[in-house]
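run.txt (compact mmCIF, C-alpha atoms) appears below.
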```txt
# COMPACT_ATOMS: atom_id res chain seq x y z
CA MET A 29 2.53 -16.84 38.17
CA ALA A 30 -0.79 -15.11 37.65
CA SER A 31 0.87 -11.81 38.30
CA LYS A 32 3.45 -12.55 35.62
CA VAL A 33 0.79 -13.05 32.99
CA GLU A 34 -0.95 -9.91 34.18
CA LEU A 35 2.29 -7.98 34.14
CA LEU A 36 2.99 -9.06 30.58
CA SER A 37 -0.45 -8.08 29.39
CA SER A 38 -0.30 -4.68 31.13
CA TYR A 39 3.16 -4.10 29.73
CA LYS A 40 1.91 -5.00 26.31
CA GLN A 41 -0.96 -2.55 26.52
CA LEU A 42 1.39 0.16 27.66
CA VAL A 43 3.97 -0.48 24.96
CA ARG A 44 1.29 -0.67 22.31
CA ALA A 45 -0.21 2.65 23.36
CA LEU A 46 3.20 4.28 23.58
CA VAL A 47 4.33 3.02 20.20
CA LYS A 48 1.11 4.05 18.49
CA SER A 49 1.01 7.56 19.89
CA ASN A 50 4.76 8.07 19.51
CA ARG A 51 4.81 6.87 15.96
CA ARG A 52 2.21 9.35 14.78
CA SER A 53 3.91 12.38 16.25
CA LYS A 54 7.35 11.21 15.19
CA ILE A 55 6.31 10.79 11.59
CA VAL A 56 4.97 14.34 11.54
CA GLN A 57 8.13 15.62 13.19
CA GLN A 58 10.37 13.77 10.77
CA LEU A 59 8.51 15.16 7.80
CA GLU A 60 8.90 18.69 9.16
CA ASP A 61 12.60 18.11 9.75
CA ASN A 62 13.03 16.80 6.24
CA LYS A 63 11.30 19.85 4.84
CA LYS A 64 13.61 22.15 6.77
CA GLN A 65 16.69 20.21 5.67
CA ILE A 66 15.59 20.37 2.06
CA ALA A 67 15.09 24.13 2.31
CA LEU A 68 18.53 24.55 3.83
CA LEU A 69 20.20 22.40 1.20
CA THR A 70 18.37 24.20 -1.58
CA TYR A 71 19.66 27.48 -0.24
CA ARG A 72 23.19 26.12 -0.25
CA LYS A 73 22.70 24.83 -3.74
CA ILE A 74 21.70 28.25 -5.00
CA SER A 75 24.77 29.85 -3.50
CA LEU A 76 26.93 27.12 -5.02
CA ILE A 77 25.41 27.72 -8.43
CA ARG A 78 26.48 31.32 -8.02
CA GLN A 79 30.00 30.15 -7.25
CA CYS A 80 30.00 28.07 -10.41
CA GLN A 81 30.28 31.30 -12.35
CA ASP A 82 33.75 31.74 -10.86
CA PRO A 83 36.34 32.44 -13.59
CA ASP A 84 38.94 30.19 -11.91
CA PRO A 85 38.44 26.70 -13.43
CA GLN A 86 39.62 24.87 -10.32
CA GLU A 87 37.14 26.68 -8.09
CA LYS A 88 34.46 25.98 -10.63
CA LEU A 89 35.19 22.27 -10.66
CA LYS A 90 35.07 22.14 -6.88
CA ALA A 91 31.74 23.90 -6.79
CA MET A 92 30.35 21.52 -9.40
CA MET A 93 31.40 18.51 -7.34
CA ASN A 94 29.77 19.95 -4.26
CA LEU A 95 26.66 20.68 -6.25
CA ASN A 96 26.33 17.06 -7.31
CA GLY A 97 26.65 15.90 -3.72
CA LEU A 98 23.99 18.34 -2.61
CA ASN A 99 21.62 17.23 -5.36
CA LYS A 100 21.98 13.65 -4.26
CA LYS A 101 21.30 14.58 -0.64
CA ILE A 102 18.18 16.52 -1.58
CA ASP A 103 16.88 13.63 -3.65
CA ASN A 104 17.48 11.24 -0.79
CA LEU A 105 15.63 13.47 1.63
CA LYS A 106 12.73 13.87 -0.76
CA GLN A 107 12.40 10.13 -1.13
CA ASP A 108 12.69 9.47 2.58
CA ASP A 109 9.33 8.28 3.92
CA PRO A 110 9.38 8.11 7.72
CA SER A 111 6.09 6.21 7.83
CA LYS A 112 7.96 3.22 6.38
CA SER A 113 10.73 3.35 8.92
CA ARG A 114 10.72 0.22 11.04
CA LYS A 115 12.59 1.93 13.86
CA LEU A 116 9.34 3.66 14.81
CA TYR A 117 7.69 0.35 15.63
CA PHE A 118 9.70 0.29 18.84
CA TYR A 119 9.54 2.49 21.88
CA ASP A 120 12.99 4.02 22.25
CA LYS A 121 13.02 4.32 26.02
CA SER A 122 11.81 0.81 26.74
CA ASN A 123 14.91 -0.03 28.75
CA GLU A 124 14.05 2.56 31.37
CA LEU A 125 10.46 1.40 31.33
CA LYS A 126 11.57 -2.15 31.93
CA LYS A 127 13.81 -1.17 34.79
CA LEU A 128 10.99 0.75 36.37
CA ILE A 129 8.70 -2.24 36.17
CA MET A 130 11.20 -4.79 37.40
CA GLU A 131 12.34 -2.56 40.26
CA ASP A 132 10.28 -3.90 43.14
CA ARG A 133 9.22 -7.33 42.09
CA SER A 134 9.74 -8.66 45.57
CA ALA A 135 7.32 -6.18 47.07
CA GLU A 136 3.96 -7.14 48.50
CA THR A 137 1.25 -8.43 46.25
CA SER A 138 -1.01 -5.48 46.93
CA THR A 139 1.58 -2.95 45.79
CA ILE A 140 2.28 -4.95 42.66
CA ILE A 141 -1.39 -5.11 41.87
CA LYS A 142 -1.66 -1.38 42.39
CA LYS A 143 1.31 -0.81 40.13
CA LEU A 144 -0.15 -2.95 37.39
CA GLU A 145 -3.39 -1.03 37.66
CA HIS A 146 -1.42 2.17 37.32
CA LEU A 147 0.28 0.86 34.18
CA ARG A 148 -3.04 -0.03 32.63
CA ASP A 149 -4.37 3.41 33.51
CA ILE A 150 -1.47 5.05 31.73
CA ALA A 151 -1.99 2.85 28.70
CA GLY A 152 -5.69 3.66 28.66
CA PHE A 153 -5.04 7.36 28.98
CA LEU A 154 -2.54 7.34 26.11
CA GLN A 155 -4.84 5.41 23.86
CA ASN A 156 -7.86 7.57 24.56
CA GLN A 157 -5.86 10.74 24.19
CA MET A 158 -4.66 9.58 20.79
CA GLU A 159 -8.18 8.70 19.73
CA PHE A 160 -9.40 12.09 20.89
CA GLU A 161 -6.71 13.86 18.91
CA GLN A 162 -7.55 11.87 15.82
CA LEU A 163 -11.22 12.77 16.13
CA VAL A 164 -10.52 16.46 16.70
CA GLU A 165 -8.30 16.42 13.64
CA ARG A 166 -10.87 14.63 11.57
CA TYR A 167 -13.69 16.96 12.50
CA ASN A 168 -11.59 20.11 12.03
CA PRO A 169 -9.66 19.62 8.84
CA GLY A 170 -8.47 23.22 8.92
CA LEU A 171 -6.35 22.65 12.01
CA LYS A 172 -3.39 21.07 10.32
CA MET A 173 -3.69 22.84 7.01
CA ASP A 174 -0.89 25.23 6.11
CA GLN A 175 -1.54 28.82 5.17
CA GLU A 176 -1.17 28.26 1.45
CA GLU A 177 -3.75 25.49 1.39
CA LYS A 178 -6.15 27.57 3.48
CA VAL A 179 -5.91 30.53 1.11
CA LYS A 180 -6.43 28.24 -1.86
CA ARG A 181 -9.55 26.70 -0.40
CA THR A 182 -11.00 29.96 0.78
CA ALA A 183 -10.56 31.37 -2.70
CA ALA A 184 -12.14 28.29 -4.22
CA LYS A 185 -15.16 28.72 -1.93
CA VAL A 186 -16.04 32.02 -3.60
CA GLY A 187 -15.21 30.79 -7.07
CA LEU A 188 -11.73 32.23 -7.40
CA GLN A 189 -8.44 30.58 -8.07
CA VAL A 190 -5.08 31.33 -6.56
CA PRO A 191 -2.61 32.00 -9.40
CA ASP A 192 0.20 29.49 -9.83
CA ILE A 193 3.56 31.01 -9.20
CA MET B 25 -28.92 4.97 -21.43
CA PHE B 26 -31.89 3.45 -19.61
CA LYS B 27 -34.45 6.03 -20.72
CA PRO B 28 -35.61 4.57 -24.03
CA MET B 29 -35.88 1.14 -22.49
CA LEU B 30 -38.11 2.34 -19.65
CA ARG B 31 -40.34 4.75 -21.54
CA GLY B 32 -42.93 2.23 -22.65
CA SER B 33 -43.10 0.14 -19.49
CA ALA B 34 -45.52 0.45 -16.60
CA CYS B 35 -44.66 2.42 -13.50
CA ALA B 36 -44.12 -0.59 -11.23
CA LEU B 37 -42.02 -2.32 -13.80
CA LYS B 38 -40.03 0.85 -14.17
CA ALA B 39 -39.23 1.02 -10.50
CA VAL B 40 -38.23 -2.62 -10.38
CA SER B 41 -36.06 -2.47 -13.43
CA VAL B 42 -34.39 0.70 -12.29
CA ARG B 43 -33.61 -0.87 -8.96
CA ALA B 44 -32.42 -4.05 -10.57
CA ALA B 45 -30.28 -2.16 -13.00
CA PHE B 46 -28.66 0.11 -10.49
CA ARG B 47 -28.24 -1.95 -7.40
CA PRO B 48 -25.42 -4.25 -8.47
CA VAL B 49 -23.51 -1.39 -10.02
CA ALA B 50 -23.85 0.77 -6.94
CA ALA B 51 -23.04 -2.07 -4.59
CA ALA B 52 -19.97 -3.02 -6.55
CA SER B 53 -18.64 0.51 -6.72
CA PHE B 54 -19.15 1.09 -3.01
CA VAL B 55 -17.93 -2.20 -1.64
CA SER B 56 -14.96 -3.13 -3.77
CA PRO B 57 -12.57 -0.34 -2.74
CA ILE B 58 -13.23 -0.93 0.98
CA ARG B 59 -13.00 -4.69 1.08
CA PHE B 60 -9.41 -5.19 0.24
CA TYR B 61 -8.48 -8.45 1.85
CA SER B 62 -5.03 -9.82 2.32
CA SER B 63 -5.03 -12.02 -0.73
CA SER B 64 -1.89 -10.27 -1.90
CA LEU B 65 0.09 -11.41 1.15
CA ASN B 66 2.03 -14.57 0.57
CA LYS B 67 4.14 -16.45 3.02
CA ASP B 68 7.53 -15.32 1.73
CA GLU B 69 6.51 -11.70 1.85
CA ILE B 70 5.21 -12.01 5.40
CA SER B 71 8.34 -13.73 6.60
CA SER B 72 10.64 -11.22 4.97
CA ARG B 73 8.71 -8.37 6.53
CA VAL B 74 8.75 -10.02 9.96
CA ILE B 75 12.48 -10.61 9.63
CA ASP B 76 13.00 -6.96 8.71
CA VAL B 77 11.12 -5.90 11.82
CA VAL B 78 13.16 -8.26 13.99
CA LYS B 79 16.36 -6.93 12.44
CA SER B 80 15.47 -3.36 13.27
CA PHE B 81 14.97 -4.27 16.92
CA ASP B 82 18.12 -3.03 18.62
CA LYS B 83 18.02 -5.47 21.54
CA THR B 84 18.55 -8.54 19.40
CA THR B 85 21.93 -10.17 19.75
CA ALA B 86 22.37 -12.12 16.53
CA SER B 87 20.69 -9.95 13.96
CA ALA B 88 22.78 -11.14 11.02
CA SER B 89 21.12 -14.49 10.42
CA ILE B 90 17.41 -14.54 11.09
CA THR B 91 15.35 -17.27 9.50
CA ASN B 92 11.90 -18.71 10.02
CA ASP B 93 13.29 -21.05 12.68
CA THR B 94 14.78 -18.30 14.79
CA HIS B 95 13.54 -18.55 18.34
CA PHE B 96 12.99 -15.24 20.14
CA ALA B 97 14.30 -16.31 23.54
CA LYS B 98 16.94 -18.89 22.59
CA ASP B 99 18.49 -17.38 19.46
CA LEU B 100 17.90 -13.69 19.98
CA GLY B 101 18.37 -13.53 23.73
CA LEU B 102 15.12 -11.69 24.40
CA ASP B 103 13.32 -11.90 27.72
CA SER B 104 9.54 -12.00 27.94
CA LEU B 105 9.14 -8.23 28.08
CA ASP B 106 11.33 -7.78 25.01
CA THR B 107 9.31 -10.41 23.21
CA VAL B 108 6.17 -8.46 24.01
CA GLU B 109 7.78 -5.37 22.54
CA LEU B 110 8.75 -7.22 19.41
CA LEU B 111 5.24 -8.60 18.99
CA VAL B 112 3.80 -5.11 19.32
CA ALA B 113 6.14 -3.99 16.56
CA ILE B 114 5.00 -6.88 14.37
CA GLU B 115 1.39 -5.93 15.12
CA GLU B 116 2.09 -2.41 13.95
CA GLU B 117 3.80 -3.60 10.78
CA PHE B 118 0.79 -5.67 9.73
CA ASP B 119 -1.83 -3.40 11.28
CA ILE B 120 -3.39 -6.12 13.44
CA GLU B 121 -3.84 -6.83 17.12
CA ILE B 122 -2.68 -10.19 18.39
CA PRO B 123 -4.81 -11.32 21.34
CA ASP B 124 -2.89 -12.07 24.53
CA LYS B 125 -3.61 -15.79 24.51
CA VAL B 126 -2.25 -16.25 21.02
CA ALA B 127 0.68 -13.95 21.69
CA ASP B 128 1.82 -16.15 24.57
CA GLU B 129 2.19 -19.04 22.13
CA ILE B 130 4.24 -17.12 19.58
CA LYS B 131 7.85 -17.78 20.42
CA SER B 132 9.60 -17.82 17.07
CA VAL B 133 9.61 -16.05 13.73
CA GLY B 134 7.92 -19.01 12.05
CA GLU B 135 5.04 -19.03 14.51
CA ALA B 136 4.49 -15.31 14.04
CA VAL B 137 4.43 -15.78 10.27
CA LYS B 138 1.95 -18.62 10.62
CA TYR B 139 -0.39 -16.53 12.76
CA ILE B 140 -0.25 -13.53 10.44
CA GLU B 141 -0.93 -15.75 7.47
CA SER B 142 -4.07 -17.07 9.17
CA ASN B 143 -5.27 -13.57 10.08
CA PRO B 144 -7.47 -12.12 7.34
CA GLU B 145 -7.04 -8.56 8.54
CA ALA B 146 -3.28 -8.48 8.11
CA ASN B 147 -1.94 -6.24 5.41
```
Please re-express this file's structure in structure tokens.
Amino acid sequence: MASKVELLSSYKQLVRALVKSNRRSKIVQQLEDNKKQIALLTYRKISLIRQCQDPDPQEKLKAMMNLNGLNKKIDNLKQDDPSKSRKLYFYDKSNELKKLIMEDRSAETSTIIKKLEHLRDIAGFLQNQMEFEQLVERYNPGLKMDQEEKVKRTAAKVGLQVPDI
Amino acid sequence: MFKPMLRGSACALKAVSVRAAFRPVAAASFVSPIRFYSSSLNKDEISSRVIDVVKSFDKTTASASITNDTHFAKDLGLDSLDTVELLVAIEEEFDIEIPDKVADEIKSVGEAVKYIESNPEAN
């Protein structure tokens, strides 16, 4: 019985660490993906606008319809905020994790204890790694800045301003 | 603004009045944005958010009708490990950490809502 409680608490630590570290990277990834999708759709939109100049009225109508659909898609993507997605509160491979844990429940106590220790170690590693990454990021704000922002700030440092395009 | 008032007064008085004049202002402007307690959370909001989290859990069996009385094990068919997962998700949603002892007692949506309501750090 004691081992069950211990198992649950180790599992909880592990899941918590996994969810936290996964969520952060997934949000970043999703934002990048959205940006790429928006760029692609905008490109398509521009070529559709070119098609709208078609002299054939039927072709023109078709292009207009497509254009509306694209606009809606782009708006949806722009409003999509992955940090609000509740799917990210769950670890997506938990079934495999569960199977792995339940695999040798009938084994000796010492092996189970060792396994639990291992689980806690993994959880600890994940959590500390995440904390480390957060600190590195916080102390080096230039790491995640994109080129445009860097140029802007460098210019501002010497009293110049990047022109708005 | 304070200059004409202080000009005639003695040095000690000046220091005191300056301190007295500035301290509450400074304290208020520093503290108020940080201390943002969960006064805005009411019970209905908490329960609707918890239910949303439960609904997005793909292992639940009867996700259509989740109320405050829904029991994790009996109504949703979750085993203890799944329940742990769900509780972690709820922790993430409200940005809290539920201690193990309390988490063992939480077995239904209503109990989770009750705990979150009593936790001042939830938001």
Could you please tell me, as a list in words, which residues of chain B have an atom within 9 Å of chain A when using all atoms listed in the file?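 That gives Asp76, Val77, Ser80, Phe81, Asp82, Ser104, Leu105, Asp106, Val108, Glu109, Leu110, Leu111, Val112, Ala113, Ile114, Glu115, Glu116, Glu117 and Asp124 of chain B for chain B.
At a cut-off of 12 Å from (16.8, 23.9, -3.5), the residue set is Lys63, Lys64, Gln65, Ile66, Ala67, Leu68, Leu69, Thr70, Tyr71, Arg72, Lys73, Ile74, Ser75, Leu76, Ile77, Leu95, Leu98, Asn99, Lys100, Lys101, Ile102, Asp103, Leu105 and Lys106 of chain A (counting only C-alpha atoms).
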Create the file for the chosen residues now, containing C-alpha atoms and written as a compact mmCIF listing (two decimals), keeping the file's coordinate frame.
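As a result, selection_27.txt now contains:
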```txt
# COMPACT_ATOMS: atom_id res chain seq x y z
CA LYS A 63 11.30 19.85 4.84
CA LYS A 64 13.61 22.15 6.77
CA GLN A 65 16.69 20.21 5.67
CA ILE A 66 15.59 20.37 2.06
CA ALA A 67 15.09 24.13 2.31
CA LEU A 68 18.53 24.55 3.83
CA LEU A 69 20.20 22.40 1.20
CA THR A 70 18.37 24.20 -1.58
CA TYR A 71 19.66 27.48 -0.24
CA ARG A 72 23.19 26.12 -0.25
CA LYS A 73 22.70 24.83 -3.74
CA ILE A 74 21.70 28.25 -5.00
CA SER A 75 24.77 29.85 -3.50
CA LEU A 76 26.93 27.12 -5.02
CA ILE A 77 25.41 27.72 -8.43
CA LEU A 95 26.66 20.68 -6.25
CA LEU A 98 23.99 18.34 -2.61
CA ASN A 99 21.62 17.23 -5.36
CA LYS A 100 21.98 13.65 -4.26
CA LYS A 101 21.30 14.58 -0.64
CA ILE A 102 18.18 16.52 -1.58
CA ASP A 103 16.88 13.63 -3.65
CA LEU A 105 15.63 13.47 1.63
CA LYS A 106 12.73 13.87 -0.76
```
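Atom pair atom CA of Phe160 of chain A / atom CA of Pro144 of chain B has a distance of 27.8 Å (rounded to one decimal).
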One decimal, in Å: what's the spacing between atom CA of Thr182 of chain A and atom CA of Glu161 of chain A?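 One can read the atom CA of Thr182 of chain A to atom CA of Glu161 of chain A distance as 24.6 Å.
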So that I can check the surroundings of Ile140 of chain B, please list as a ChimeraX atom specification every protein, DNA and RNA residue that reaches within 12 Å of it, counting only C-alpha atoms and ignoring chain neighbours fewer than 2 positions away. /B:62,65-71,73-74,111,114-122,126-127,130,133-138,142-147
Can segment 66-77 of chain B be brought up to all heavy atoms and written out as an mmCIF file, in the frame of the given file?
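Saved as rebuild_4.cif:
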```cif
data_model
loop_
_atom_site.group_PDB
_atom_site.id
_atom_site.type_symbol
_atom_site.label_atom_id
_atom_site.label_comp_id
_atom_site.auth_asym_id
_atom_site.auth_seq_id
_atom_site.Cartn_x
_atom_site.Cartn_y
_atom_site.Cartn_z
ATOM 1 N N ASN B 66 1.648 -13.163 0.582
ATOM 2 C CA ASN B 66 2.030 -14.570 0.570
ATOM 3 C C ASN B 66 3.063 -14.814 1.661
ATOM 4 O O ASN B 66 3.548 -13.878 2.301
ATOM 5 C CB ASN B 66 2.523 -15.006 -0.798
ATOM 6 C CG ASN B 66 3.729 -14.219 -1.217
ATOM 7 O OD1 ASN B 66 4.295 -13.473 -0.414
ATOM 8 N ND2 ASN B 66 4.134 -14.368 -2.456
ATOM 9 N N LYS B 67 3.349 -16.083 1.847
ATOM 10 C CA LYS B 67 4.140 -16.450 3.020
ATOM 11 C C LYS B 67 5.544 -15.840 2.992
ATOM 12 O O LYS B 67 6.051 -15.360 4.006
ATOM 13 C CB LYS B 67 4.237 -17.972 3.105
ATOM 14 C CG LYS B 67 4.541 -18.418 4.505
ATOM 15 C CD LYS B 67 4.341 -19.901 4.668
ATOM 16 C CE LYS B 67 4.727 -20.280 6.076
ATOM 17 N NZ LYS B 67 4.628 -21.698 6.316
ATOM 18 N N ASP B 68 6.156 -15.839 1.823
ATOM 19 C CA ASP B 68 7.530 -15.320 1.730
ATOM 20 C C ASP B 68 7.574 -13.836 2.085
ATOM 21 O O ASP B 68 8.467 -13.378 2.799
ATOM 22 C CB ASP B 68 8.076 -15.513 0.314
ATOM 23 C CG ASP B 68 8.231 -16.974 -0.010
ATOM 24 O OD1 ASP B 68 8.393 -17.757 0.948
ATOM 25 O OD2 ASP B 68 8.175 -17.336 -1.200
ATOM 26 N N GLU B 69 6.544 -13.137 1.589
ATOM 27 C CA GLU B 69 6.510 -11.700 1.850
ATOM 28 C C GLU B 69 6.359 -11.442 3.340
ATOM 29 O O GLU B 69 7.061 -10.603 3.922
ATOM 30 C CB GLU B 69 5.342 -11.086 1.087
ATOM 31 C CG GLU B 69 5.423 -9.581 0.943
ATOM 32 C CD GLU B 69 4.137 -8.999 0.399
ATOM 33 O OE1 GLU B 69 3.367 -9.753 -0.240
ATOM 34 O OE2 GLU B 69 3.892 -7.829 0.639
ATOM 35 N N ILE B 70 5.423 -12.190 3.955
ATOM 36 C CA ILE B 70 5.210 -12.010 5.400
ATOM 37 C C ILE B 70 6.504 -12.283 6.145
ATOM 38 O O ILE B 70 6.923 -11.495 6.991
ATOM 39 C CB ILE B 70 4.114 -12.974 5.905
ATOM 40 C CG1 ILE B 70 2.765 -12.602 5.317
ATOM 41 C CG2 ILE B 70 4.021 -12.912 7.421
ATOM 42 C CD1 ILE B 70 1.690 -13.600 5.629
ATOM 43 N N SER B 71 7.155 -13.394 5.802
ATOM 44 C CA SER B 71 8.340 -13.730 6.600
ATOM 45 C C SER B 71 9.456 -12.731 6.373
ATOM 46 O O SER B 71 10.168 -12.376 7.322
ATOM 47 C CB SER B 71 8.794 -15.164 6.339
ATOM 48 O OG SER B 71 9.461 -15.246 5.126
ATOM 49 N N SER B 72 9.571 -12.200 5.163
ATOM 50 C CA SER B 72 10.640 -11.220 4.970
ATOM 51 C C SER B 72 10.338 -9.930 5.716
ATOM 52 O O SER B 72 11.238 -9.287 6.267
ATOM 53 C CB SER B 72 10.874 -10.958 3.475
ATOM 54 O OG SER B 72 9.899 -10.087 2.986
ATOM 55 N N ARG B 73 9.051 -9.578 5.793
ATOM 56 C CA ARG B 73 8.710 -8.370 6.530
ATOM 57 C C ARG B 73 8.920 -8.563 8.026
ATOM 58 O O ARG B 73 9.424 -7.668 8.720
ATOM 59 C CB ARG B 73 7.261 -7.971 6.246
ATOM 60 C CG ARG B 73 7.141 -7.127 4.998
ATOM 61 C CD ARG B 73 5.727 -6.965 4.538
ATOM 62 N NE ARG B 73 4.931 -6.115 5.409
ATOM 63 C CZ ARG B 73 3.630 -5.910 5.232
ATOM 64 N NH1 ARG B 73 3.004 -6.487 4.244
ATOM 65 N NH2 ARG B 73 2.960 -5.124 6.045
ATOM 66 N N VAL B 74 8.535 -9.740 8.519
ATOM 67 C CA VAL B 74 8.750 -10.020 9.960
ATOM 68 C C VAL B 74 10.237 -9.974 10.270
ATOM 69 O O VAL B 74 10.666 -9.388 11.276
ATOM 70 C CB VAL B 74 8.152 -11.386 10.334
ATOM 71 C CG1 VAL B 74 8.581 -11.786 11.732
ATOM 72 C CG2 VAL B 74 6.649 -11.343 10.278
ATOM 73 N N ILE B 75 11.037 -10.574 9.384
ATOM 74 C CA ILE B 75 12.480 -10.610 9.630
ATOM 75 C C ILE B 75 13.054 -9.195 9.621
ATOM 76 O O ILE B 75 13.914 -8.854 10.435
ATOM 77 C CB ILE B 75 13.166 -11.520 8.595
ATOM 78 C CG1 ILE B 75 12.842 -12.973 8.909
ATOM 79 C CG2 ILE B 75 14.663 -11.313 8.597
ATOM 80 C CD1 ILE B 75 13.229 -13.942 7.846
ATOM 81 N N ASP B 76 12.537 -8.354 8.729
ATOM 82 C CA ASP B 76 13.000 -6.960 8.710
ATOM 83 C C ASP B 76 12.691 -6.258 10.022
ATOM 84 O O ASP B 76 13.510 -5.494 10.544
ATOM 85 C CB ASP B 76 12.338 -6.194 7.557
ATOM 86 C CG ASP B 76 13.058 -6.416 6.253
ATOM 87 O OD1 ASP B 76 14.178 -6.962 6.321
ATOM 88 O OD2 ASP B 76 12.520 -6.058 5.199
ATOM 89 N N VAL B 77 11.495 -6.516 10.545
ATOM 90 C CA VAL B 77 11.120 -5.900 11.820
ATOM 91 C C VAL B 77 12.057 -6.389 12.928
ATOM 92 O O VAL B 77 12.554 -5.598 13.730
ATOM 93 C CB VAL B 77 9.656 -6.224 12.174
ATOM 94 C CG1 VAL B 77 9.340 -5.767 13.582
ATOM 95 C CG2 VAL B 77 8.713 -5.551 11.214
#
```
